[in-house]
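Student: Below you'll find the structure I mean.
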Amino acid sequence: MAYNYLSLSNEVCRRLNETTLTSSNFASAVGFYAQIKDSINASIRDVNQKHFSWPFNHNTDDIVLTPGEVRYPLPENAKYTDFDTVRLVRDTAVNVATAKHLTLLSYDEYIDTYVDQEYETDTTQGSAPNYVVRSQDGDIIVVPMPDKAYTIEYEFFMFPADLETYDDVPRIPFRFKHIIVDGAMYHAYMFRDNLESASLALRRFEEGMKHMRTAIVNENVYARAV
């Protein structure tokens, strides 16, 4: 069975004893069917807001630095960026023979020691970055000022986009689809003012999210003799 926006919506339809949708009429659904579609996205947003760094929202990105530029914006869908993962990428074209982890500096230390580089216009005064800084507005700052088109790579966790077309697939793994459906049932029951059923669905939804966190986030650390 397919795992997508349509199949999730239809599972909610079946639980509510409603006629299921098809790929042909999915986009034009109105009334309560439109609410069911909205409930799927609301459930997914609830899951994504429950934990900042779900593994399924992990991503990597790279930035090609511009000589003389020290500040670089992050993607709009970046929820949390791990600045401890920023590294200079190996690139023999700019004489970087080995990839290098960039040391994280505090913004205060940057202002105290390195901020003058923002006013330097002679790019020959720069070099390959050694440090990275999180700016006050969340941008990436590199130190020293780059003198060449170096590439840095970093890891972050995303705000996933809402599902739109019938065949869109959630980033949440298939084995947790029942959690999405339970959350959608909560929102659907609330729309119908069925508070008792909504309360039961919310309880299942919250328990499901706890289980998911235990299964894919929590770490068991063991000590062993050496």
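Chain identifiers are assigned as A, B, and so on, following the order in which chains appear in the structure tokens; residues are numbered from 1 within each chain, and ligands are numbered from 1 in order of appearance.
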Can you tell me, as a list of chain:residue names, what residues are no more than 7 Å from region 30-45 of chain A when counting only C-alpha atoms, ignoring any on the same chain fewer than 4 positions away?

Tutor: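 With the cut-off at 7 Å, the set is A:Ser9, A:Gln49, A:Asp162, A:Leu163, A:Ile180, A:Val181, A:Gly183, A:Ala184, A:His187, A:Ala188.
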
Student: For the selection just defined, write its residues with N, CA, C and O atoms to a file, as a PDB file, in the first residue's frame.

Tutor:
```pdb
ATOM      1  N   SER A   9      -4.864  10.363   4.275  1.00  0.00           N
ATOM      2  CA  SER A   9      -6.193  10.982   4.342  1.00  0.00           C
ATOM      3  C   SER A   9      -7.285   9.926   4.293  1.00  0.00           C
ATOM      4  O   SER A   9      -8.289  10.008   5.035  1.00  0.00           O
ATOM      5  N   GLN A  49       7.019  19.734  15.774  1.00  0.00           N
ATOM      6  CA  GLN A  49       7.218  20.706  16.848  1.00  0.00           C
ATOM      7  C   GLN A  49       7.510  20.035  18.189  1.00  0.00           C
ATOM      8  O   GLN A  49       7.975  20.692  19.123  1.00  0.00           O
ATOM      9  N   ASP A 162       4.575  21.562   4.197  1.00  0.00           N
ATOM     10  CA  ASP A 162       3.301  20.837   4.233  1.00  0.00           C
ATOM     11  C   ASP A 162       3.150  19.958   2.994  1.00  0.00           C
ATOM     12  O   ASP A 162       3.681  20.276   1.920  1.00  0.00           O
ATOM     13  N   LEU A 163       2.411  18.863   3.146  1.00  0.00           N
ATOM     14  CA  LEU A 163       2.061  18.042   1.998  1.00  0.00           C
ATOM     15  C   LEU A 163       1.048  18.802   1.135  1.00  0.00           C
ATOM     16  O   LEU A 163       0.162  19.490   1.663  1.00  0.00           O
ATOM     17  N   ILE A 180       0.720   9.701  12.771  1.00  0.00           N
ATOM     18  CA  ILE A 180       0.170  10.805  11.973  1.00  0.00           C
ATOM     19  C   ILE A 180      -1.346  10.709  11.938  1.00  0.00           C
ATOM     20  O   ILE A 180      -2.052  11.715  12.108  1.00  0.00           O
ATOM     21  N   VAL A 181      -1.855   9.502  11.729  1.00  0.00           N
ATOM     22  CA  VAL A 181      -3.309   9.311  11.633  1.00  0.00           C
ATOM     23  C   VAL A 181      -3.985   9.622  12.969  1.00  0.00           C
ATOM     24  O   VAL A 181      -5.037  10.277  13.009  1.00  0.00           O
ATOM     25  N   GLY A 183      -2.978  11.697  15.235  1.00  0.00           N
ATOM     26  CA  GLY A 183      -2.996  13.150  15.379  1.00  0.00           C
ATOM     27  C   GLY A 183      -4.046  13.791  14.494  1.00  0.00           C
ATOM     28  O   GLY A 183      -4.746  14.739  14.906  1.00  0.00           O
ATOM     29  N   ALA A 184      -4.192  13.275  13.281  1.00  0.00           N
ATOM     30  CA  ALA A 184      -5.210  13.803  12.367  1.00  0.00           C
ATOM     31  C   ALA A 184      -6.613  13.536  12.901  1.00  0.00           C
ATOM     32  O   ALA A 184      -7.517  14.385  12.754  1.00  0.00           O
ATOM     33  N   HIS A 187      -7.544  16.216  15.388  1.00  0.00           N
ATOM     34  CA  HIS A 187      -7.949  17.478  14.763  1.00  0.00           C
ATOM     35  C   HIS A 187      -9.314  17.340  14.081  1.00  0.00           C
ATOM     36  O   HIS A 187     -10.123  18.276  14.111  1.00  0.00           O
ATOM     37  N   ALA A 188      -9.580  16.191  13.472  1.00  0.00           N
ATOM     38  CA  ALA A 188     -10.873  15.976  12.815  1.00  0.00           C
ATOM     39  C   ALA A 188     -12.009  15.945  13.842  1.00  0.00           C
ATOM     40  O   ALA A 188     -13.087  16.534  13.622  1.00  0.00           O
TER      41      ALA A 188
END
```

Student: Would you mind writing down, as number ranges by chain, each residue of chain A that DSSP on the backbone assigns to strand (DSSP E or B)?

Tutor: A: 58-64, 71-72, 78-88, 91, 96, 100-101, 103-105, 131-134, 140-143, 151-158

Student: Generate the output file for the selected residues, N, CA and C atoms, as a tab-separated table (two decimals), in the first residue's frame.

Tutor:
```
chain	number	residue	atom	x	y	z
A	58	HIS	N	16.81	15.57	9.40
A	58	HIS	CA	18.22	15.95	9.26
A	58	HIS	C	18.57	16.22	7.81
A	59	ASN	N	19.43	17.21	7.60
A	59	ASN	CA	19.88	17.53	6.24
A	59	ASN	C	21.27	18.14	6.31
A	60	THR	N	21.95	18.18	5.18
A	60	THR	CA	23.24	18.86	5.07
A	60	THR	C	23.16	19.87	3.94
A	61	ASP	N	23.98	20.88	4.03
A	61	ASP	CA	24.00	21.91	2.99
A	61	ASP	C	25.43	22.41	2.88
A	62	ASP	N	25.74	23.01	1.76
A	62	ASP	CA	27.06	23.61	1.62
A	62	ASP	C	26.92	25.04	1.10
A	63	ILE	N	27.91	25.84	1.40
A	63	ILE	CA	27.95	27.24	0.99
A	63	ILE	C	29.29	27.48	0.30
A	64	VAL	N	29.24	28.01	-0.91
A	64	VAL	CA	30.46	28.44	-1.59
A	64	VAL	C	30.73	29.88	-1.16
A	71	ARG	N	29.58	36.89	6.21
A	71	ARG	CA	28.28	36.50	6.74
A	71	ARG	C	27.44	35.82	5.65
A	72	TYR	N	26.80	34.70	6.03
A	72	TYR	CA	26.03	33.92	5.07
A	72	TYR	C	24.72	33.45	5.72
A	78	ALA	N	15.56	26.00	7.76
A	78	ALA	CA	16.45	25.49	8.81
A	78	ALA	C	15.85	25.80	10.17
A	79	LYS	N	15.49	24.75	10.91
A	79	LYS	CA	14.92	24.92	12.25
A	79	LYS	C	16.04	25.02	13.28
A	80	TYR	N	17.00	24.14	13.18
A	80	TYR	CA	18.14	24.14	14.11
A	80	TYR	C	19.39	23.77	13.34
A	81	THR	N	20.39	24.61	13.42
A	81	THR	CA	21.67	24.36	12.75
A	81	THR	C	22.72	23.99	13.78
A	82	ASP	N	23.40	22.90	13.56
A	82	ASP	CA	24.46	22.46	14.46
A	82	ASP	C	25.77	23.10	14.02
A	83	PHE	N	26.13	24.19	14.66
A	83	PHE	CA	27.33	24.92	14.27
A	83	PHE	C	28.60	24.14	14.58
A	84	ASP	N	28.50	23.11	15.42
A	84	ASP	CA	29.67	22.28	15.69
A	84	ASP	C	30.00	21.35	14.54
A	85	THR	N	29.16	21.29	13.52
A	85	THR	CA	29.42	20.40	12.39
A	85	THR	C	30.00	21.13	11.18
A	86	VAL	N	30.19	22.44	11.27
A	86	VAL	CA	30.66	23.21	10.10
A	86	VAL	C	32.10	22.80	9.79
A	87	ARG	N	32.34	22.47	8.52
A	87	ARG	CA	33.69	22.08	8.12
A	87	ARG	C	34.03	22.67	6.75
A	88	LEU	N	35.32	22.88	6.58
A	88	LEU	CA	35.86	23.33	5.30
A	88	LEU	C	36.04	22.10	4.42
A	91	ASP	N	39.16	20.77	-1.33
A	91	ASP	CA	39.01	21.32	-2.68
A	91	ASP	C	40.39	21.76	-3.17
A	96	VAL	N	42.91	23.54	-0.74
A	96	VAL	CA	42.50	22.89	0.51
A	96	VAL	C	42.68	21.39	0.31
A	100	LYS	N	38.52	20.17	6.95
A	100	LYS	CA	38.88	20.65	8.28
A	100	LYS	C	37.65	21.11	9.03
A	101	HIS	N	37.53	20.66	10.27
A	101	HIS	CA	36.45	21.12	11.15
A	101	HIS	C	36.76	22.55	11.60
A	103	THR	N	36.41	25.59	14.18
A	103	THR	CA	36.18	25.78	15.61
A	103	THR	C	35.10	26.82	15.84
A	104	LEU	N	34.18	26.52	16.75
A	104	LEU	CA	33.08	27.43	17.04
A	104	LEU	C	33.53	28.50	18.03
A	105	LEU	N	33.32	29.77	17.66
A	105	LEU	CA	33.60	30.90	18.53
A	105	LEU	C	32.28	31.53	18.97
A	131	TYR	N	37.55	29.39	11.83
A	131	TYR	CA	36.52	29.49	12.87
A	131	TYR	C	35.15	29.75	12.23
A	132	VAL	N	34.12	29.43	12.99
A	132	VAL	CA	32.75	29.72	12.59
A	132	VAL	C	32.03	30.34	13.78
A	133	VAL	N	31.11	31.26	13.50
A	133	VAL	CA	30.39	31.99	14.54
A	133	VAL	C	28.91	32.00	14.20
A	134	ARG	N	28.06	31.84	15.21
A	134	ARG	CA	26.62	32.03	15.03
A	134	ARG	C	26.31	33.50	15.30
A	140	ILE	N	25.59	32.36	9.52
A	140	ILE	CA	26.92	31.81	9.70
A	140	ILE	C	27.96	32.90	9.40
A	141	ILE	N	28.91	33.06	10.29
A	141	ILE	CA	30.05	33.97	10.08
A	141	ILE	C	31.30	33.12	10.04
A	142	VAL	N	32.17	33.36	9.06
A	142	VAL	CA	33.43	32.63	8.99
A	142	VAL	C	34.59	33.56	9.31
A	143	VAL	N	35.61	33.00	9.93
A	143	VAL	CA	36.81	33.74	10.33
A	143	VAL	C	38.02	32.87	9.99
A	151	THR	N	34.56	26.19	0.06
A	151	THR	CA	33.24	25.61	0.33
A	151	THR	C	33.20	25.10	1.76
A	152	ILE	N	32.16	25.49	2.48
A	152	ILE	CA	31.92	24.93	3.82
A	152	ILE	C	30.65	24.09	3.78
A	153	GLU	N	30.61	23.09	4.62
A	153	GLU	CA	29.44	22.21	4.73
A	153	GLU	C	29.00	22.17	6.18
A	154	TYR	N	27.70	22.03	6.40
A	154	TYR	CA	27.18	21.98	7.76
A	154	TYR	C	25.91	21.13	7.77
A	155	GLU	N	25.48	20.77	8.98
A	155	GLU	CA	24.30	19.93	9.16
A	155	GLU	C	23.21	20.71	9.90
A	156	PHE	N	21.97	20.45	9.54
A	156	PHE	CA	20.86	21.14	10.19
A	156	PHE	C	19.62	20.27	10.16
A	157	PHE	N	18.64	20.70	10.95
A	157	PHE	CA	17.34	20.03	10.98
A	157	PHE	C	16.30	20.98	10.42
A	158	MET	N	15.40	20.44	9.59
A	158	MET	CA	14.51	21.26	8.79
A	158	MET	C	13.13	21.43	9.41
```

Student: For the alpha helix (DSSP H) assignment from backbone DSSP, which residues of region 44-209 of chain A qualify? Please present them as a PyMOL selection string.

Tutor: chain A and resi 44-50+107-113+177-191+195-209

Student: Might you pull out every residue within 12 Å of Met212 (chain A), with only C-alpha atoms counted and same-chain residues fewer than 6 positions away left off, and present them as a ChimeraX atom specification?

Tutor: /A:47-48,50-51,54-56,172-180,205-206,218

Student: Record the distance separating CA of Asp167 (chain A) and CA of Tyr186 (chain A), expressed in Å with one decimal.

Tutor: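 So the answer is 23.0 Å.
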
Student: Looking at only C-alpha atoms, which of A:Val115, A:Phe159, A:Thr214, A:Tyr189 is the one that sits closest to Ala201 (chain A)?

Tutor: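 The shortest atom-to-atom distance to Ala201 (chain A) comes from A:Tyr189.
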
Student: Near Thr20 (chain A), counting only C-alpha atoms, which residues have an atom at most 7 Å away, once you skip same-chain residues fewer than 4 positions from it, shown as an NGL selection string?

Tutor: :A and (10 or 13-14)

Student: For Pro146 (chain A), which residue out of A:Ile216, A:Val70, A:Leu8, A:Leu202 is the nearest one, using only C-alpha atoms?

Tutor: A:Val70

Student: Between CA of Ser28 (chain A) and CA of Thr165 (chain A), what is the distance in Å, rounded to a tenth?

Tutor: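 Separation between CA of Ser28 (chain A) and CA of Thr165 (chain A): 10.8 Å.
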
Student: Calculated over only C-alpha atoms, which of the candidates A:Tyr3, A:Leu16, A:Asn57, A:Val94 has the smallest distance to Arg192 (chain A)?

Tutor: A:Leu16

Student: So which one's closest to Gly138 (chain A), A:Leu102, A:Leu74, A:Ala97, A:Ala198? Using only C-alpha atoms, please.

Tutor: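 The closest residue to Gly138 (chain A) is A:Leu74.
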
Student: When you draw a straight line from CA of Ala161 (chain A) to CA of Glu207 (chain A), how long is it in Å?

Tutor: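 If I compute the distance from CA of Ala161 (chain A) to CA of Glu207 (chain A), I get 24.3 Å.
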